[in-house]
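Chemist: What follows is coords_0.cif, made up of mmCIF, C-alpha atoms:
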```
data_protein
loop_
_atom_site.label_atom_id
_atom_site.label_comp_id
_atom_site.auth_asym_id
_atom_site.auth_seq_id
_atom_site.Cartn_x
_atom_site.Cartn_y
_atom_site.Cartn_z
CA MET V 1 -1.67 7.56 22.71
CA GLU V 2 0.86 7.88 25.53
CA MET V 3 4.54 7.27 24.97
CA ASP V 4 6.77 5.22 27.28
CA PRO V 5 9.23 7.70 28.85
CA GLN V 6 11.74 4.86 29.34
CA LEU V 7 12.17 4.54 25.58
CA GLY V 8 14.12 6.88 23.28
CA PRO V 9 12.28 8.95 20.63
CA LYS V 10 12.79 6.42 17.83
CA LYS V 11 11.81 3.42 19.96
CA GLN V 12 8.73 5.27 21.19
CA LEU V 13 7.72 6.08 17.63
CA ARG V 14 8.34 2.51 16.45
CA SER V 15 6.19 1.13 19.25
CA LYS V 16 3.36 3.57 18.50
CA MET V 17 3.45 3.00 14.73
CA HIS V 18 3.55 -0.77 15.14
CA ARG V 19 0.31 -0.57 17.13
CA ILE V 20 -1.33 1.70 14.55
CA ARG V 21 -0.37 -0.53 11.63
CA ASP V 22 -1.32 -3.76 13.42
CA ALA V 23 -4.76 -2.32 14.23
CA LEU V 24 -5.67 -2.23 10.52
CA SER V 25 -7.76 -5.24 9.57
CA ILE V 26 -6.30 -7.77 7.14
CA GLU V 27 -9.08 -7.04 4.64
CA ALA V 28 -8.49 -3.28 4.75
CA ARG V 29 -4.71 -3.70 4.52
CA LEU V 30 -4.94 -5.93 1.45
CA GLN V 31 -7.50 -3.69 -0.24
CA ILE V 32 -5.47 -0.53 0.35
CA SER V 33 -2.22 -2.31 -0.55
CA GLU V 34 -3.72 -3.10 -3.95
CA GLN V 35 -4.48 0.60 -4.43
CA LEU V 36 -0.95 1.59 -3.39
CA CYS V 37 0.54 -0.97 -5.77
CA GLN V 38 -1.51 0.40 -8.66
CA HIS V 39 -0.05 3.86 -7.96
CA ALA V 40 3.42 2.30 -7.88
CA ILE V 41 2.88 0.43 -11.15
CA HIS V 42 1.82 3.66 -12.84
CA GLU V 43 5.02 5.30 -11.56
CA ILE V 44 7.07 2.32 -12.74
CA GLU V 45 5.70 2.68 -16.25
CA GLN V 46 6.45 6.41 -16.24
CA LEU V 47 9.98 5.61 -15.09
CA ARG V 48 10.31 3.10 -17.94
CA VAL V 49 9.42 5.79 -20.48
CA LEU V 50 11.63 8.47 -18.90
CA SER V 51 14.63 6.16 -18.65
CA ASN V 52 14.04 4.74 -22.14
CA LYS V 53 14.51 1.21 -20.83
CA ASP V 54 12.60 -1.89 -21.85
CA ARG V 55 13.66 -3.67 -18.68
CA LEU V 56 13.90 -2.00 -15.28
CA VAL V 57 15.69 -3.21 -12.17
CA ILE V 58 13.26 -3.14 -9.25
CA PHE V 59 14.22 -3.93 -5.67
CA SER V 60 11.29 -4.62 -3.36
CA TYR V 61 10.63 -6.24 -0.02
CA ILE V 62 8.15 -9.09 0.33
CA ALA V 63 5.44 -8.20 2.84
CA TYR V 64 5.64 -9.66 6.34
CA ARG V 65 2.85 -9.54 8.92
CA SER V 66 1.10 -6.14 8.77
CA GLU V 67 3.33 -4.53 6.12
CA ALA V 68 1.76 -3.12 2.97
CA ASP V 69 1.57 -6.00 0.50
CA THR V 70 3.87 -5.69 -2.53
CA ALA V 71 2.49 -8.73 -4.39
CA LEU V 72 1.07 -6.75 -7.34
CA ILE V 73 4.34 -4.85 -7.85
CA LEU V 74 6.28 -8.11 -7.93
CA LYS V 75 3.75 -9.69 -10.28
CA HIS V 76 3.93 -6.71 -12.64
CA GLY V 77 7.72 -6.93 -12.67
CA PHE V 78 7.61 -10.62 -13.59
CA GLU V 79 5.08 -9.95 -16.36
CA GLN V 80 7.15 -7.11 -17.82
CA GLN V 81 10.30 -9.25 -17.63
CA ASP V 82 11.92 -6.67 -15.38
CA ILE V 83 14.76 -7.70 -13.12
CA VAL V 84 13.10 -8.17 -9.73
CA LEU V 85 15.34 -8.20 -6.68
CA VAL V 86 14.35 -9.05 -3.10
CA PRO V 87 16.44 -8.96 0.07
CA ARG V 88 17.99 -11.78 2.01
CA VAL V 89 19.47 -11.05 5.44
CA ASN V 90 22.45 -13.16 6.47
CA LYS V 91 23.33 -13.20 10.16
CA ASP V 92 27.06 -12.83 9.47
CA SER V 93 26.72 -9.60 7.42
CA SER V 94 25.55 -6.06 8.20
CA LEU V 95 24.50 -5.60 4.56
CA MET V 96 21.51 -7.17 2.88
CA GLU V 97 22.11 -9.63 0.10
CA LEU V 98 20.06 -8.81 -2.99
CA ARG V 99 18.92 -11.73 -5.12
CA ARG V 100 16.94 -11.94 -8.34
CA ILE V 101 13.68 -13.86 -8.36
CA GLN V 102 11.68 -14.68 -11.50
CA GLY V 103 8.52 -15.78 -9.72
CA MET V 104 7.24 -16.59 -6.26
CA GLN V 105 8.48 -20.15 -6.75
CA ASP V 106 11.93 -18.68 -6.08
CA VAL V 107 11.21 -17.69 -2.46
CA GLN V 108 11.13 -19.62 0.81
CA HIS V 109 10.67 -18.90 4.50
CA GLY V 110 13.93 -17.73 6.03
CA ARG V 111 15.13 -15.88 9.10
CA TRP V 112 12.28 -14.70 11.39
CA GLY V 113 9.80 -16.49 9.10
CA ILE V 114 10.14 -13.80 6.42
CA LEU V 115 9.87 -14.90 2.80
CA GLU V 116 13.23 -14.48 1.09
CA PRO V 117 14.96 -15.68 -2.08
CA ALA V 118 15.89 -19.34 -2.13
CA VAL V 119 19.53 -20.43 -2.12
CA HIS V 120 19.51 -21.26 -5.85
CA THR V 121 18.70 -17.66 -6.90
CA GLU V 122 21.19 -15.29 -8.52
CA VAL V 123 23.03 -12.87 -6.23
CA TRP V 124 22.95 -9.26 -7.47
CA GLU V 125 26.47 -8.19 -6.55
CA ARG V 126 27.15 -4.83 -4.86
CA GLU V 127 28.94 -3.59 -7.98
CA ARG V 128 25.56 -3.71 -9.75
CA TRP V 129 23.53 -1.96 -7.07
CA THR V 130 23.79 1.33 -8.98
CA ASP V 131 21.86 -0.34 -11.84
CA ILE V 132 18.73 -0.42 -9.67
CA ASP V 133 15.99 1.93 -10.91
CA LEU V 134 13.46 1.75 -8.07
CA VAL V 135 13.55 0.60 -4.45
CA ILE V 136 10.32 -0.12 -2.56
CA VAL V 137 11.37 0.50 1.03
CA PRO V 138 9.51 -1.02 4.00
CA GLY V 139 8.86 1.11 7.04
CA LEU V 140 6.72 1.81 10.07
CA ALA V 141 6.15 5.49 9.29
CA TYR V 142 7.00 8.13 6.69
CA ASP V 143 6.80 11.92 6.75
CA LEU V 144 6.19 14.63 4.18
CA GLN V 145 9.92 15.33 3.83
CA GLY V 146 10.65 11.75 2.81
CA GLY V 147 11.73 10.79 6.31
CA ARG V 148 11.26 7.15 7.25
CA ILE V 149 11.51 5.07 10.36
CA GLY V 150 12.23 1.39 9.90
CA TYR V 151 12.66 -1.48 12.31
CA GLY V 152 16.03 -0.51 13.77
CA GLY V 153 18.26 -2.92 11.88
CA GLY V 154 19.73 -0.21 9.65
CA TYR V 155 19.89 -2.48 6.60
CA TYR V 156 18.27 -0.03 4.18
CA ASP V 157 20.32 2.89 5.50
CA ARG V 158 23.51 0.91 4.89
CA PHE V 159 22.24 -0.15 1.47
CA ALA V 160 21.52 3.48 0.49
CA GLY V 161 24.90 4.55 1.88
CA GLU V 162 26.69 1.93 -0.18
CA VAL V 163 24.85 3.00 -3.34
CA ARG V 164 25.55 6.68 -2.67
CA ALA V 165 29.25 5.95 -2.16
CA ARG V 166 29.44 4.02 -5.43
CA VAL V 167 27.67 6.78 -7.37
CA LEU V 168 30.04 9.37 -5.91
CA ALA V 169 33.09 7.23 -6.68
CA SER V 170 31.90 6.86 -10.29
CA LYS V 171 31.50 10.62 -10.66
CA LEU V 172 34.91 11.33 -9.11
CA SER V 173 36.56 8.79 -11.39
CA GLY V 174 35.55 10.90 -14.39
CA LYS V 175 33.91 7.96 -16.15
CA GLN V 176 30.73 9.90 -16.86
CA VAL V 177 30.78 12.40 -19.69
CA PRO V 178 27.86 14.17 -21.41
CA GLU V 179 28.04 11.91 -24.46
CA GLN V 180 27.34 8.92 -22.18
CA MET V 181 24.32 10.22 -20.32
CA THR V 182 22.36 7.05 -21.12
CA ASP V 183 24.89 5.11 -19.04
CA GLN V 184 24.99 7.65 -16.23
CA VAL V 185 25.41 6.13 -12.80
CA THR V 186 22.70 7.48 -10.52
CA GLU V 187 20.97 6.62 -7.29
CA PRO V 188 17.67 4.75 -7.59
CA VAL V 189 14.27 6.22 -6.84
CA TYR V 190 13.35 5.35 -3.23
CA ALA V 191 9.63 4.86 -2.62
CA GLY V 192 7.32 3.76 0.17
CA LEU V 193 3.85 2.20 0.32
CA VAL V 194 2.01 4.20 2.98
CA LEU V 195 -0.90 2.60 4.82
CA PRO V 196 -3.46 4.72 6.73
CA GLY V 197 -1.92 6.24 9.85
CA GLN V 198 1.66 5.85 8.60
CA LEU V 199 2.06 9.34 7.09
CA LEU V 200 3.30 11.96 9.54
CA PRO V 201 3.82 15.73 9.20
CA ALA V 202 7.15 17.02 7.89
CA GLY V 203 9.96 16.65 10.40
CA GLU V 204 8.05 14.31 12.71
CA ILE V 205 10.49 11.46 12.20
CA PRO V 206 13.89 11.79 13.95
CA MET V 207 16.55 11.56 11.25
CA GLU V 208 20.28 10.88 11.62
CA PRO V 209 22.88 12.26 9.17
CA GLN V 210 23.40 8.80 7.63
CA ASP V 211 19.67 8.23 7.11
CA PHE V 212 18.38 8.51 3.55
CA ARG V 213 15.10 10.08 2.45
CA LEU V 214 12.47 8.72 0.12
CA ASN V 215 11.65 10.37 -3.21
CA VAL V 216 8.09 9.10 -3.64
CA LEU V 217 5.28 8.06 -1.30
CA PHE V 218 2.33 6.01 -2.54
CA THR V 219 -0.73 6.75 -0.40
CA GLU V 220 -4.41 5.83 -0.58
CA HIS V 221 -5.05 9.42 -1.73
CA GLY V 222 -2.45 9.45 -4.49
CA VAL V 223 1.26 9.85 -5.17
CA LEU V 224 3.47 12.30 -3.29
CA HIS V 225 6.73 13.35 -4.92
CA ILE V 226 9.15 14.67 -2.31
CA GLN V 227 11.00 17.83 -3.34
#
```
For this file, write the structure as structure tokens.

Modeler:
Amino acid sequence: MEMDPQLGPKKQLRSKMHRIRDALSIEARLQISEQLCQHAIHEIEQLRVLSNKDRLVIFSYIAYRSEADTALILKHGFEQQDIVLVPRVNKDSSLMELRRIQGMQDVQHGRWGILEPAVHTEVWERERWTDIDLVIVPGLAYDLQGGRIGYGGGYYDRFAGEVRARVLASKLSGKQVPEQMTDQVTEPVYAGLVLPGQLLPAGEIPMEPQDFRLNVLFTEHGVLHIQ
């Protein structure tokens, strides 16, 4: 597939990966998405055991157009009484607003026609972002080093940067001591649902210093933990 020389590397890659993802039939996408979600649910339950928590905080996108469908992950979170957060993008802010939903009755069509939390839902304030255990990150492509290319808005990069800054500030403040390891402030696990054609070789995705990397990739062939 030829690239447009008028576009920069990231825009070229976005254009190419959009075409690859859009070419997948709806039936195949939904079938594979179910498989990816089952991998994710297994990882969620392992995370629950390792963290010794009855209730996890899970932040996930709601699928739009040809994105991998997250419906089963959301449903599992509701059933387990986890705290399920989804993003809302406000035009007057460069940061996403995270809101808690307790069922799909709590979402409505918002900006760009994307399903987002309704106005009555609880805002998960930035101070609590470090409580998040797992983030399901949307993307157009992922590579074997955890690299990701999104849609160019930078919302998830700014989210990850904000979380990283808060974790660092907590550590520098000296609030964490060995006796309080159960309350340790850490970054969440970042994961992606990878549809066929979305996984690229290591280093194939141009990464900027401020870009974050994913820890786990859920693919149709299994789970990849990024070292």

Chemist: Would you compute an axis-aligned box for segment 69-85 of chain V, covering every atom listed for it in the file with 5 Å of margin on each side, and report centre and edge lengths in Å to one decimal as lines of an AutoDock Vina configuration file?

Modeler:
```
center_x = 8.2
center_y = -7.7
center_z = -8.7
size_x = 24.3
size_y = 15.8
size_z = 28.3
```

Chemist: Using the chain letters and residue numbers of this document, give as a PyMOL selection string the residues selected by the PyMOL selection byres ((chain V and resi 121) around 7).

Modeler: chain V and resi 99-101+106+117-120+122-123

Chemist: Taking the point (8.6, 8.9, -2.2) as given in the file, collect each protein or nucleic acid residue that comes within 8 Å of it, counting all atoms listed in the file, and present the set as a ChimeraX atom specification.

Modeler: /V:146,189-192,214-218,223-226

Chemist: Please write the residues picked by the PyMOL selection byres ((chain V and resi 77-87) around 6) on this file as a PDB file with C-alpha atoms, in the coordinates of the input.

Modeler:
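The resulting file, result_37.pdb, is shown below:
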```
ATOM      1  CA  ARG V  55      13.660  -3.670 -18.680  1.00  0.00           C
ATOM      2  CA  LEU V  56      13.900  -2.000 -15.280  1.00  0.00           C
ATOM      3  CA  VAL V  57      15.690  -3.210 -12.170  1.00  0.00           C
ATOM      4  CA  ILE V  58      13.260  -3.140  -9.250  1.00  0.00           C
ATOM      5  CA  PHE V  59      14.220  -3.930  -5.670  1.00  0.00           C
ATOM      6  CA  SER V  60      11.290  -4.620  -3.360  1.00  0.00           C
ATOM      7  CA  TYR V  61      10.630  -6.240  -0.020  1.00  0.00           C
ATOM      8  CA  LEU V  74       6.280  -8.110  -7.930  1.00  0.00           C
ATOM      9  CA  LYS V  75       3.750  -9.690 -10.280  1.00  0.00           C
ATOM     10  CA  HIS V  76       3.930  -6.710 -12.640  1.00  0.00           C
ATOM     11  CA  ARG V  88      17.990 -11.780   2.010  1.00  0.00           C
ATOM     12  CA  GLU V  97      22.110  -9.630   0.100  1.00  0.00           C
ATOM     13  CA  LEU V  98      20.060  -8.810  -2.990  1.00  0.00           C
ATOM     14  CA  ARG V  99      18.920 -11.730  -5.120  1.00  0.00           C
ATOM     15  CA  ARG V 100      16.940 -11.940  -8.340  1.00  0.00           C
ATOM     16  CA  ILE V 101      13.680 -13.860  -8.360  1.00  0.00           C
TER      17      ILE V 101
END
```

Chemist: Have a look at V:Gln184, V:Ser25, V:Gln35, V:Asn90 and name the one nearest to Ser170 of chain V; count all atoms listed in the file.

Modeler: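 Of the candidates, the smallest distance to Ser170 of chain V is held by V:Gln184.
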
Chemist: Given the file shown, determine the residues that the PyMOL selection byres ((chain V and resi 199-211) around 8) selects; report them as a PDB file with C-alpha atoms, keeping the file's coordinate frame.

Modeler:
```
ATOM      1  CA  PRO V   9      12.280   8.950  20.630  1.00  0.00           C
ATOM      2  CA  LYS V  10      12.790   6.420  17.830  1.00  0.00           C
ATOM      3  CA  ALA V 141       6.150   5.490   9.290  1.00  0.00           C
ATOM      4  CA  TYR V 142       7.000   8.130   6.690  1.00  0.00           C
ATOM      5  CA  ASP V 143       6.800  11.920   6.750  1.00  0.00           C
ATOM      6  CA  LEU V 144       6.190  14.630   4.180  1.00  0.00           C
ATOM      7  CA  GLN V 145       9.920  15.330   3.830  1.00  0.00           C
ATOM      8  CA  GLY V 147      11.730  10.790   6.310  1.00  0.00           C
ATOM      9  CA  ARG V 148      11.260   7.150   7.250  1.00  0.00           C
ATOM     10  CA  ILE V 149      11.510   5.070  10.360  1.00  0.00           C
ATOM     11  CA  ASP V 157      20.320   2.890   5.500  1.00  0.00           C
ATOM     12  CA  GLY V 161      24.900   4.550   1.880  1.00  0.00           C
ATOM     13  CA  VAL V 194       2.010   4.200   2.980  1.00  0.00           C
ATOM     14  CA  LEU V 195      -0.900   2.600   4.820  1.00  0.00           C
ATOM     15  CA  PRO V 196      -3.460   4.720   6.730  1.00  0.00           C
ATOM     16  CA  GLY V 197      -1.920   6.240   9.850  1.00  0.00           C
ATOM     17  CA  GLN V 198       1.660   5.850   8.600  1.00  0.00           C
ATOM     18  CA  PHE V 212      18.380   8.510   3.550  1.00  0.00           C
ATOM     19  CA  ARG V 213      15.100  10.080   2.450  1.00  0.00           C
TER      20      ARG V 213
END
```

Chemist: Rounded to one decimal in Å, what is the spacing between atom CA of Arg166 of chain V and atom CA of Leu95 of chain V?

Modeler: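 Interatomic distance here is 14.7 Å.
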
Chemist: May I have the residues within 12 Å of Ala169 of chain V as a PyMOL selection string, using all atoms listed in the file and disregarding those fewer than 4 positions away in the same chain?

Modeler: chain V and resi 127+130+162-165+173-176+185-186

Chemist: Please list as a ChimeraX atom specification every residue within 10 Å of Glu43 of chain V, counting only C-alpha atoms and excluding residues in the same chain fewer than 4 positions away.

Modeler: /V:37-39,47-49,134,216,218,223

Chemist: Using all atoms listed in the file, which of V:Leu193, V:Ile20, V:Ile136, V:Val107 sits nearest Glu220 of chain V?

Modeler: V:Leu193

Chemist: Taking all atoms listed in the file into account, name the residue in V:Lys16, V:Arg29, V:His109, V:Arg126 that is nearest to Asp69 of chain V.

Modeler: V:Arg29

Chemist: Mind pulling up the distance from atom CA of Pro188 of chain V to atom CA of Ser15 of chain V?

Modeler: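 Calculated distance between atom CA of Ser15 of chain V and atom CA of Pro188 of chain V is 29.4 Å.
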
Chemist: Neighbouring residues of Tyr64 of chain V were defined as those with any atom within 12 Å, considering only C-alpha atoms; residues of the same chain fewer than 4 positions away were excluded. Please report them as a tab-separated table (two decimals) with C-alpha atoms, keeping the file's coordinate frame.

Modeler:
```tsv
chain	number	residue	atom	x	y	z
V	22	ASP	CA	-1.32	-3.76	13.42
V	68	ALA	CA	1.76	-3.12	2.97
V	69	ASP	CA	1.57	-6.00	0.50
V	70	THR	CA	3.87	-5.69	-2.53
V	71	ALA	CA	2.49	-8.73	-4.39
V	109	HIS	CA	10.67	-18.90	4.50
V	110	GLY	CA	13.93	-17.73	6.03
V	111	ARG	CA	15.13	-15.88	9.10
V	112	TRP	CA	12.28	-14.70	11.39
V	113	GLY	CA	9.80	-16.49	9.10
V	114	ILE	CA	10.14	-13.80	6.42
V	115	LEU	CA	9.87	-14.90	2.80
V	116	GLU	CA	13.23	-14.48	1.09
V	138	PRO	CA	9.51	-1.02	4.00
V	139	GLY	CA	8.86	1.11	7.04
```

Chemist: For Arg14 of chain V, work out the shell of residues within 8 Å, counting only C-alpha atoms and skipping chain neighbours fewer than 3 positions away, then give it as an MDAnalysis selection string.

Modeler: chainID V and resid 10:11 17:18 140 149:151

Chemist: One number please: atom CA of Trp124 of chain V to atom CA of Ser93 of chain V, in Å, one decimal.

Modeler: 15.4 Å

Chemist: With all atoms listed in the file as the basis for distance, which of V:Leu30, V:Gly222, V:Phe159, V:Gln46 is at the shortest distance from Val135 of chain V?

Modeler: V:Phe159
